[in-house]
Amino acid sequence: MSEESHPPHEGHMTPRKLFYLALGSVGVVYGDIGTSPLYAFREALKPVAHDGVTRFEVISLISLMIWALTIIVTIKYVLFLLRADNDGEGGTLSLLALLMKTANGHTAMLMLLGLMGAALFLGDAMITPALSVLSAVEGLKLVTPSLAEYIVPISVAILVLLFVVQSRGTGAVAKFFGPITAVWFLVIAAAGISHISDDFGILAAFNPYYAVSFLLHEGFYGVVVLGAVFLTVTGAEALYADLGHFGRRPIQWAWFALVFPALTLNYLGQGALVLGRPETMSDPFYLMFPQWALLPVVILATAATIIASQAVITGAFSLVRQGINLGFLPRMEILFTSETNTGQIFLPSVNAVLFFGVIFLVLSFKTSDALATAYGISVTGAMVVTSIMAFEFVRARWNWSLPVAVIALAPLVVLEMIFLGANLLKIHDGGYIPILIATAFTVVMWTWRRGTAILMEKTRHTDIPLASFVSSIERKSEHSPAQVPGTAIFLTSDPESAPAALLHNLKHNHVLHDRNVILTIRTVNKPRVPSHDRYKVEPISERFSRVELLFGFMESQNVSQALATLRKTGLKFDIMSTSFYLGRRKLVPDAKSGMPYWQDRLYIALANAAANPSDYFRLPANRVVELGSHVII
């Protein structure tokens, strides 16, 4: 996801607008799936190459790939899931936020599924850059064999540069993503067309008989092959995740007009090449090109894989921001790399985690062959999660009956479970890597969600109801605190209780401002909140009022900007004579609390690493006062 924008209005899209949005989606949405021909067919051939590859096996493998693209990408994602949106937004957490509105007694299960899907996507964000860049650079071996020993250093250098430039924003180069990737698809389509004539028998792959017959007759090898075949559809989750950036129609047009035909033609060409020249099965993609074209194609492939990696990295940034706003992750520093486009963001901590993970994978696995075995689990797992959540979506939001939902979605779930089972066979060959990554991310998000709920429950026992506090403080007496000019804004997560910072201020400073605002910031289960619905103001007394600011989970929570808008509605205060009071808690672990001791320590570490609220909510730096307290969790 490279930019945030309101989803284009589907009904008023001119052909010109449709073309440019479709072209943009080619670079961002289809970059990952577009680089799969570099390694998918090569990896699928390996399990059946032990005693020579037969004509039937080659045709069957291409048939499996074409029908995987047809069933999983075209039917599930392009035609079905793109319609399952949350106010125009797609993706695992968007779907989770939508389903939480109508969860019927199984909120915890839905939440766990959503967290697993998000964690698997973050694991994918580590593996994709490593695998894609390695597979592209490995083409240099065919240009000059002496370059083979430099493949890993060159790949590392490219990835280091890719992560370094993240902080500068991608807006300046993003405009080239679509055209470069479109050229890539045209080149691989042309390469495929030029080789189909090597053996026209490859066209039999359109017949699903070959795919089904292969699986029925190959037994165990057929299951192993499925794990490699699934590499054909990696990147399909990006279709759904980037729905809000381009809209449904541009993504669909790009798929049917360019991407699907190009991928199909290329796989057919690779299959025909291997049928005509079996010795090319070592690297059928690059061997489709004449020697003079190899270097330009390697350069173009590298550019395409960098673009694919960029799309996944910025997708991870966007997903993490959604997770923060929905309460699954602690606040993190978010830098905006564009003055006009709030979707172009940079999260230094996420960038660092992804960078070290990607470099570790490249240095550990060293070749795309080795890394490809680790790849499928995170992708298949994410797809299974999405399908299960989609089942809940059609029941709750589209009001499908149980039999209809089962008939429509059960075949997809079964197919993806078979793919997942095939990929799980690779656990000992590196498949444990994405499982470990996804497990770590899931534990972090679950711990943060659970720990925050426990913390709120513990503090609620000692809270003073705001109404009774205001009533008592407004009674004039000789013990009334001194009144000072200006406005004090107290940030709190519980608008019904007196904020701890307000109580500490009275206890230690014995003063009360002319105007006191109890401010709560809440994220709603929709992507964006219209400006006229941004705030709710409730007067409590002459000196106290309660304000609630509402943000969507795709929005930056800029409190200063929202308060500036609020002043226009009649809540009068001068920002330069306003103080923002924040409560800072010192957390102390307690083994007898609601979580195990290790989870307490993890929660405290996450809380300590969280970004300062004044920075995250973009409060005026010189107007913030922090008051602390100890809390045992």
# chains A, B, ... in the order shown; residues from 1 in each chain; ligands from 1

$ select_by_dssp --residues "range 228-303 of chain A" --states "alpha helix (DSSP H)" --output "JSON, numbers by chain"
{"A": [228, 229, 236, 237, 238, 239, 240, 241, 243, 244, 245, 246, 248, 249, 250, 251, 252, 253, 254, 260, 261, 262, 263, 264, 265, 266, 267, 268, 269, 270, 271, 272, 273, 274, 275, 276, 291, 292, 293, 294, 295, 296, 297, 298, 299, 300, 301, 302, 303]}

$ closest_atom_pairs --of "range 425-477 of chain A" --to "range 522-546 of chain A" --cutoff "10 Å" --atoms "only C-alpha atoms" --output "Markdown table"
| residue | atom | partner | partner_atom | distance |
| --- | --- | --- | --- | --- |
| A:Leu466 | CA | A:Ile540 | CA | 9.3 |
| A:Ala467 | CA | A:Ile540 | CA | 7.6 |
| A:Val470 | CA | A:Phe544 | CA | 7.5 |
| A:Ser471 | CA | A:Ser541 | CA | 8.3 |
| A:Glu474 | CA | A:Ser541 | CA | 8.1 |

$ residues_around --residues "range 592-605 of chain A" --least-positions-apart "5" --cutoff "12 Å" --atoms "only C-alpha atoms" --output "NGL selection string"
:A and (328-330 or 440 or 443-455 or 457-458 or 585-587 or 610 or 631-633)

$ residues_around --residues "Val413 in chain A" --least-positions-apart "6" --cutoff "9 Å" --atoms "only C-alpha atoms" --output "number ranges by chain"
A: 383-384, 387-388

$ closest_residue --among "A:Leu287, A:Val165, A:Ile66, A:Ala136" --to "Leu268 in chain A" --atoms "only C-alpha atoms"
A:Ile66

$ closest_atom_pairs --of "range 367-399 of chain A" --to "range 132-135 of chain A" --cutoff "12 Å" --atoms "only C-alpha atoms" --output "CSV"
residue,atom,partner,partner_atom,distance
A:Thr367,CA,A:Leu134,CA,6.5
A:Ser368,CA,A:Ser135,CA,5.2
A:Asp369,CA,A:Ser135,CA,8.2
A:Ala370,CA,A:Leu134,CA,10.6
A:Leu371,CA,A:Leu134,CA,9.1
A:Ala372,CA,A:Ser135,CA,9.5
A:Tyr375,CA,A:Ser132,CA,10.7

$ write_last_selection --atoms "N, CA, C and O atoms" --output "compact mmCIF listing (two decimals), in the first residue's frame"
# COMPACT_ATOMS: atom_id res chain seq x y z
N THR A 367 19.97 -18.64 -1.23
CA THR A 367 19.43 -18.83 -2.58
C THR A 367 17.91 -18.75 -2.54
O THR A 367 17.28 -19.05 -1.51
N SER A 368 17.32 -18.39 -3.67
CA SER A 368 15.86 -18.33 -3.73
C SER A 368 15.26 -19.73 -3.66
O SER A 368 14.14 -19.92 -3.19
N ASP A 369 16.02 -20.75 -4.13
CA ASP A 369 15.55 -22.14 -4.03
C ASP A 369 15.27 -22.50 -2.58
O ASP A 369 14.20 -23.04 -2.25
N ALA A 370 16.24 -22.22 -1.71
CA ALA A 370 16.09 -22.57 -0.30
C ALA A 370 14.99 -21.75 0.36
O ALA A 370 14.22 -22.27 1.18
N LEU A 371 14.90 -20.48 0.00
CA LEU A 371 13.93 -19.59 0.63
C LEU A 371 12.51 -19.88 0.15
O LEU A 371 11.54 -19.68 0.90
N ALA A 372 12.37 -20.36 -1.08
CA ALA A 372 11.03 -20.64 -1.61
C ALA A 372 10.30 -21.69 -0.78
O ALA A 372 9.08 -21.67 -0.66
N TYR A 375 8.37 -20.10 2.01
CA TYR A 375 7.50 -18.99 1.65
C TYR A 375 6.02 -19.29 1.78
O TYR A 375 5.24 -18.48 2.27

$ closest_atom_pairs --of "range 148-267 of chain A" --to "range 85-105 of chain A" --cutoff "6 Å" --atoms "only C-alpha atoms" --output "tab-separated table"
residue	atom	partner	partner_atom	distance
A:Tyr240	CA	A:Gly90	CA	5.2
A:Ala241	CA	A:Gly91	CA	3.9
A:Leu243	CA	A:Gly90	CA	5.3
A:Gly244	CA	A:Glu89	CA	4.3

$ write_last_selection --atoms "all heavy atoms" --output "compact mmCIF listing (two decimals), in the first residue's frame"
# COMPACT_ATOMS: atom_id res chain seq x y z
N TYR A 240 -6.72 -7.57 -2.00
CA TYR A 240 -7.76 -7.21 -1.03
C TYR A 240 -7.29 -6.07 -0.13
O TYR A 240 -8.05 -5.14 0.16
CB TYR A 240 -8.10 -8.46 -0.22
CG TYR A 240 -9.29 -8.32 0.69
CD1 TYR A 240 -10.41 -7.58 0.30
CD2 TYR A 240 -9.31 -8.94 1.94
CE1 TYR A 240 -11.50 -7.46 1.13
CE2 TYR A 240 -10.40 -8.83 2.77
CZ TYR A 240 -11.50 -8.08 2.36
OH TYR A 240 -12.58 -7.96 3.19
N ALA A 241 -6.03 -6.15 0.30
CA ALA A 241 -5.51 -5.15 1.23
C ALA A 241 -5.48 -3.75 0.61
O ALA A 241 -5.65 -2.75 1.29
CB ALA A 241 -4.12 -5.55 1.70
N LEU A 243 -7.53 -2.52 -1.64
CA LEU A 243 -8.82 -2.15 -2.23
C LEU A 243 -9.12 -0.67 -2.06
O LEU A 243 -9.58 0.00 -2.99
CB LEU A 243 -9.93 -3.00 -1.57
CG LEU A 243 -11.37 -2.65 -1.93
CD1 LEU A 243 -11.60 -2.79 -3.43
CD2 LEU A 243 -12.34 -3.54 -1.15
N GLY A 244 -8.85 -0.13 -0.86
CA GLY A 244 -9.19 1.27 -0.58
C GLY A 244 -8.39 2.28 -1.36
O GLY A 244 -8.80 3.44 -1.49

$ residues_around --residues "Ala119 in chain A" --least-positions-apart "6" --cutoff "6 Å" --atoms "only C-alpha atoms" --output "PyMOL selection string"
chain A and resi 438+441-442

$ residues_around --residues "Ala257 in chain A" --least-positions-apart "4" --cutoff "12 Å" --atoms "only C-alpha atoms" --output "PDB file with N, CA, C and O atoms, in the first residue's frame"
ATOM      1  N   PHE A  19      -8.282   4.177 -16.297  1.00  0.00           N
ATOM      2  CA  PHE A  19      -7.020   3.708 -16.870  1.00  0.00           C
ATOM      3  C   PHE A  19      -5.854   3.995 -15.928  1.00  0.00           C
ATOM      4  O   PHE A  19      -5.022   3.110 -15.655  1.00  0.00           O
ATOM      5  N   ALA A  22      -6.035   1.867 -12.795  1.00  0.00           N
ATOM      6  CA  ALA A  22      -5.682   0.481 -13.127  1.00  0.00           C
ATOM      7  C   ALA A  22      -4.173   0.352 -13.315  1.00  0.00           C
ATOM      8  O   ALA A  22      -3.553  -0.614 -12.847  1.00  0.00           O
ATOM      9  N   LEU A  23      -3.559   1.340 -13.993  1.00  0.00           N
ATOM     10  CA  LEU A  23      -2.110   1.324 -14.192  1.00  0.00           C
ATOM     11  C   LEU A  23      -1.378   1.420 -12.858  1.00  0.00           C
ATOM     12  O   LEU A  23      -0.386   0.718 -12.622  1.00  0.00           O
ATOM     13  N   VAL A  26      -1.361  -1.855 -11.018  1.00  0.00           N
ATOM     14  CA  VAL A  26      -0.438  -2.857 -11.570  1.00  0.00           C
ATOM     15  C   VAL A  26       0.864  -2.858 -10.779  1.00  0.00           C
ATOM     16  O   VAL A  26       1.424  -3.918 -10.463  1.00  0.00           O
ATOM     17  N   ALA A 182       4.054  -2.627 -15.603  1.00  0.00           N
ATOM     18  CA  ALA A 182       3.291  -2.926 -16.827  1.00  0.00           C
ATOM     19  C   ALA A 182       4.231  -3.410 -17.930  1.00  0.00           C
ATOM     20  O   ALA A 182       3.920  -4.372 -18.659  1.00  0.00           O
ATOM     21  N   PHE A 185       5.134  -6.997 -17.253  1.00  0.00           N
ATOM     22  CA  PHE A 185       4.094  -7.947 -17.659  1.00  0.00           C
ATOM     23  C   PHE A 185       4.072  -8.125 -19.178  1.00  0.00           C
ATOM     24  O   PHE A 185       3.875  -9.235 -19.678  1.00  0.00           O
ATOM     25  N   LEU A 186       4.284  -7.039 -19.904  1.00  0.00           N
ATOM     26  CA  LEU A 186       4.305  -7.143 -21.375  1.00  0.00           C
ATOM     27  C   LEU A 186       5.496  -7.985 -21.840  1.00  0.00           C
ATOM     28  O   LEU A 186       5.381  -8.788 -22.773  1.00  0.00           O
ATOM     29  N   ARG A 249     -13.103  -1.623  -9.344  1.00  0.00           N
ATOM     30  CA  ARG A 249     -13.071  -1.732 -10.804  1.00  0.00           C
ATOM     31  C   ARG A 249     -11.664  -1.610 -11.394  1.00  0.00           C
ATOM     32  O   ARG A 249     -11.280  -2.410 -12.259  1.00  0.00           O
ATOM     33  N   PRO A 250     -10.834  -0.630 -10.982  1.00  0.00           N
ATOM     34  CA  PRO A 250      -9.475  -0.561 -11.542  1.00  0.00           C
ATOM     35  C   PRO A 250      -8.659  -1.827 -11.282  1.00  0.00           C
ATOM     36  O   PRO A 250      -7.923  -2.282 -12.162  1.00  0.00           O
ATOM     37  N   ILE A 251      -8.786  -2.406 -10.072  1.00  0.00           N
ATOM     38  CA  ILE A 251      -8.046  -3.622  -9.754  1.00  0.00           C
ATOM     39  C   ILE A 251      -8.532  -4.775 -10.636  1.00  0.00           C
ATOM     40  O   ILE A 251      -7.732  -5.574 -11.143  1.00  0.00           O
ATOM     41  N   GLN A 252      -9.840  -4.867 -10.842  1.00  0.00           N
ATOM     42  CA  GLN A 252     -10.391  -5.930 -11.689  1.00  0.00           C
ATOM     43  C   GLN A 252      -9.965  -5.756 -13.141  1.00  0.00           C
ATOM     44  O   GLN A 252      -9.589  -6.724 -13.814  1.00  0.00           O
ATOM     45  N   TRP A 253     -10.032  -4.523 -13.650  1.00  0.00           N
ATOM     46  CA  TRP A 253      -9.625  -4.268 -15.038  1.00  0.00           C
ATOM     47  C   TRP A 253      -8.160  -4.620 -15.259  1.00  0.00           C
ATOM     48  O   TRP A 253      -7.795  -5.210 -16.281  1.00  0.00           O
ATOM     49  N   PRO A 261      -3.684 -12.477 -18.248  1.00  0.00           N
ATOM     50  CA  PRO A 261      -3.192 -12.980 -19.544  1.00  0.00           C
ATOM     51  C   PRO A 261      -1.672 -13.113 -19.584  1.00  0.00           C
ATOM     52  O   PRO A 261      -1.153 -14.104 -20.119  1.00  0.00           O
ATOM     53  N   ALA A 262      -0.943 -12.112 -19.024  1.00  0.00           N
ATOM     54  CA  ALA A 262       0.522 -12.148 -19.068  1.00  0.00           C
ATOM     55  C   ALA A 262       1.070 -13.339 -18.277  1.00  0.00           C
ATOM     56  O   ALA A 262       1.979 -14.045 -18.737  1.00  0.00           O
ATOM     57  N   LEU A 263       0.530 -13.556 -17.073  1.00  0.00           N
ATOM     58  CA  LEU A 263       0.990 -14.690 -16.264  1.00  0.00           C
ATOM     59  C   LEU A 263       0.691 -16.017 -16.955  1.00  0.00           C
ATOM     60  O   LEU A 263       1.545 -16.912 -17.014  1.00  0.00           O
TER      61      LEU A 263
END

$ atom_distance --atom1 "CA of Leu582 in chain A" --atom2 "CA of Ser472 in chain A"
22.6 Å

$ residues_around --residues "Phe206 in chain A" --least-positions-apart "3" --cutoff "8 Å" --atoms "only C-alpha atoms" --output "short mmCIF file (atom, residue, chain, number, x, y, z; two decimals) with N, CA, C and O atoms, in the first residue's frame"
data_model
loop_
_atom_site.label_atom_id
_atom_site.label_comp_id
_atom_site.auth_asym_id
_atom_site.auth_seq_id
_atom_site.Cartn_x
_atom_site.Cartn_y
_atom_site.Cartn_z
N SER A 63 -1.13 -26.77 -15.88
CA SER A 63 -2.57 -26.79 -15.66
C SER A 63 -2.91 -26.43 -14.22
O SER A 63 -3.83 -25.63 -13.95
N ILE A 66 -2.40 -22.61 -13.82
CA ILE A 66 -3.45 -21.81 -14.47
C ILE A 66 -4.74 -21.87 -13.66
O ILE A 66 -5.41 -20.85 -13.43
N TRP A 67 -5.10 -23.08 -13.17
CA TRP A 67 -6.34 -23.21 -12.43
C TRP A 67 -6.23 -22.66 -11.01
O TRP A 67 -7.23 -22.23 -10.43
N LEU A 203 -0.90 -26.26 -24.73
CA LEU A 203 -2.23 -25.64 -24.63
C LEU A 203 -3.24 -26.59 -23.99
O LEU A 203 -4.30 -26.15 -23.53
#

$ atom_distance --atom1 "CA of Leu159 in chain A" --atom2 "CA of Tyr267 in chain A"
27.7 Å

$ select_by_dssp --residues "range 187-352 of chain A" --states "strand (DSSP E or B)" --output "PyMOL selection string"
chain A and resi 335-336+345-346

$ atom_distance --atom1 "CA of Ile188 in chain A" --atom2 "CA of Gly201 in chain A"
20.0 Å

$ closest_residue --among "A:Pro208, A:Ala130, A:Arg83, A:Gly276" --to "Phe393 in chain A" --atoms "only C-alpha atoms"
A:Arg83

$ closest_atom_pairs --of "range 173-292 of chain A" --to "range 300-319 of chain A" --cutoff "12 Å" --atoms "only C-alpha atoms" --output "tab-separated table"
residue	atom	partner	partner_atom	distance
A:Val173	CA	A:Ile307	CA	9.8
A:Ala174	CA	A:Ile307	CA	8.7
A:Lys175	CA	A:Ile307	CA	11.2
A:Phe176	CA	A:Ile307	CA	9.4
A:Phe177	CA	A:Ile307	CA	6.4
A:Gly178	CA	A:Ile307	CA	9.1
A:Pro179	CA	A:Ala304	CA	10.4
A:Ile180	CA	A:Ala304	CA	7.1
A:Thr181	CA	A:Ala304	CA	5.9
A:Ala182	CA	A:Ala304	CA	9.5
A:Val183	CA	A:Leu300	CA	8.6
A:Trp184	CA	A:Leu300	CA	6.8
A:Phe185	CA	A:Ala304	CA	9.6
A:Leu186	CA	A:Leu300	CA	11.5
A:Val187	CA	A:Leu300	CA	9.3
A:Ile188	CA	A:Ala301	CA	9.9
A:Thr234	CA	A:Ala308	CA	11.2
A:Gly235	CA	A:Val312	CA	8.8
A:Ala236	CA	A:Val312	CA	11.6
A:Glu237	CA	A:Val312	CA	10.3
A:Ala238	CA	A:Val312	CA	8.0
A:Leu239	CA	A:Gly315	CA	11.2
A:Tyr240	CA	A:Gly315	CA	11.3
A:Ala241	CA	A:Gly315	CA	7.8
A:Asp242	CA	A:Gly315	CA	8.1
A:Leu243	CA	A:Gly315	CA	11.7
A:Gly244	CA	A:Ser318	CA	11.6
A:His245	CA	A:Gly315	CA	11.2
A:Phe285	CA	A:Ala301	CA	10.9
A:Tyr286	CA	A:Ala301	CA	10.0

$ write_last_selection --atoms "N, CA and C atoms" --output "compact mmCIF listing (two decimals), in the first residue's frame"
# COMPACT_ATOMS: atom_id res chain seq x y z
N VAL A 173 8.88 8.36 -6.49
CA VAL A 173 9.14 7.26 -7.42
C VAL A 173 7.92 6.38 -7.67
N ALA A 174 6.89 6.54 -6.80
CA ALA A 174 5.72 5.67 -6.92
C ALA A 174 5.02 5.82 -8.27
N LYS A 175 5.12 7.02 -8.87
CA LYS A 175 4.46 7.25 -10.16
C LYS A 175 5.04 6.36 -11.27
N PHE A 176 6.29 5.85 -11.03
CA PHE A 176 6.91 4.97 -12.04
C PHE A 176 6.60 3.50 -11.79
N PHE A 177 6.04 3.18 -10.61
CA PHE A 177 5.80 1.78 -10.27
C PHE A 177 4.91 1.11 -11.30
N GLY A 178 3.75 1.74 -11.59
CA GLY A 178 2.79 1.16 -12.52
C GLY A 178 3.37 0.92 -13.91
N PRO A 179 3.94 1.96 -14.55
CA PRO A 179 4.51 1.77 -15.89
C PRO A 179 5.62 0.72 -15.95
N ILE A 180 6.54 0.72 -14.97
CA ILE A 180 7.64 -0.26 -14.99
C ILE A 180 7.08 -1.68 -14.87
N THR A 181 6.13 -1.87 -13.93
CA THR A 181 5.55 -3.20 -13.75
C THR A 181 4.72 -3.60 -14.97
N ALA A 182 4.05 -2.63 -15.60
CA ALA A 182 3.29 -2.93 -16.83
C ALA A 182 4.23 -3.41 -17.93
N VAL A 183 5.40 -2.75 -18.05
CA VAL A 183 6.41 -3.19 -19.03
C VAL A 183 6.86 -4.61 -18.70
N TRP A 184 7.04 -4.89 -17.42
CA TRP A 184 7.44 -6.23 -16.98
C TRP A 184 6.42 -7.27 -17.45
N PHE A 185 5.13 -7.00 -17.25
CA PHE A 185 4.09 -7.95 -17.66
C PHE A 185 4.07 -8.12 -19.18
N LEU A 186 4.28 -7.04 -19.90
CA LEU A 186 4.31 -7.14 -21.37
C LEU A 186 5.50 -7.98 -21.84
N VAL A 187 6.66 -7.81 -21.18
CA VAL A 187 7.86 -8.56 -21.55
C VAL A 187 7.68 -10.05 -21.26
N ILE A 188 7.12 -10.39 -20.07
CA ILE A 188 6.98 -11.82 -19.76
C ILE A 188 5.90 -12.46 -20.64
N THR A 234 1.09 -16.26 -4.80
CA THR A 234 1.56 -15.40 -3.72
C THR A 234 1.36 -13.94 -4.12
N GLY A 235 0.94 -13.15 -3.17
CA GLY A 235 0.66 -11.75 -3.47
C GLY A 235 -0.82 -11.46 -3.69
N ALA A 236 -1.63 -12.52 -3.70
CA ALA A 236 -3.07 -12.32 -3.92
C ALA A 236 -3.71 -11.52 -2.78
N GLU A 237 -3.17 -11.66 -1.56
CA GLU A 237 -3.73 -10.90 -0.44
C GLU A 237 -3.63 -9.40 -0.66
N ALA A 238 -2.63 -8.96 -1.44
CA ALA A 238 -2.47 -7.53 -1.72
C ALA A 238 -3.65 -6.97 -2.50
N LEU A 239 -4.28 -7.81 -3.30
CA LEU A 239 -5.48 -7.39 -4.03
C LEU A 239 -6.51 -6.83 -3.07
N TYR A 240 -6.72 -7.57 -2.00
CA TYR A 240 -7.76 -7.21 -1.03
C TYR A 240 -7.29 -6.07 -0.13
N ALA A 241 -6.03 -6.15 0.30
CA ALA A 241 -5.51 -5.15 1.23
C ALA A 241 -5.48 -3.75 0.61
N ASP A 242 -5.26 -3.66 -0.70
CA ASP A 242 -5.14 -2.36 -1.35
C ASP A 242 -6.43 -1.89 -2.00
N LEU A 243 -7.53 -2.52 -1.64
CA LEU A 243 -8.82 -2.15 -2.23
C LEU A 243 -9.12 -0.67 -2.06
N GLY A 244 -8.85 -0.13 -0.86
CA GLY A 244 -9.19 1.27 -0.58
C GLY A 244 -8.39 2.28 -1.36
N HIS A 245 -7.26 1.88 -1.90
CA HIS A 245 -6.40 2.82 -2.61
C HIS A 245 -6.80 3.01 -4.06
N PHE A 285 12.57 -19.78 -16.56
CA PHE A 285 12.18 -18.38 -16.82
C PHE A 285 13.28 -17.65 -17.60
N TYR A 286 14.48 -17.58 -17.06
CA TYR A 286 15.54 -16.82 -17.72
C TYR A 286 15.99 -17.44 -19.02

$ closest_residue --among "A:Ile202, A:Leu120, A:Met126, A:Ile575" --to "Glu57 in chain A" --atoms "only C-alpha atoms"
A:Ile202

$ closest_residue --among "A:Pro296, A:Asn266, A:Ser480, A:Thr107" --to "Gly192 in chain A" --atoms "only C-alpha atoms"
A:Asn266
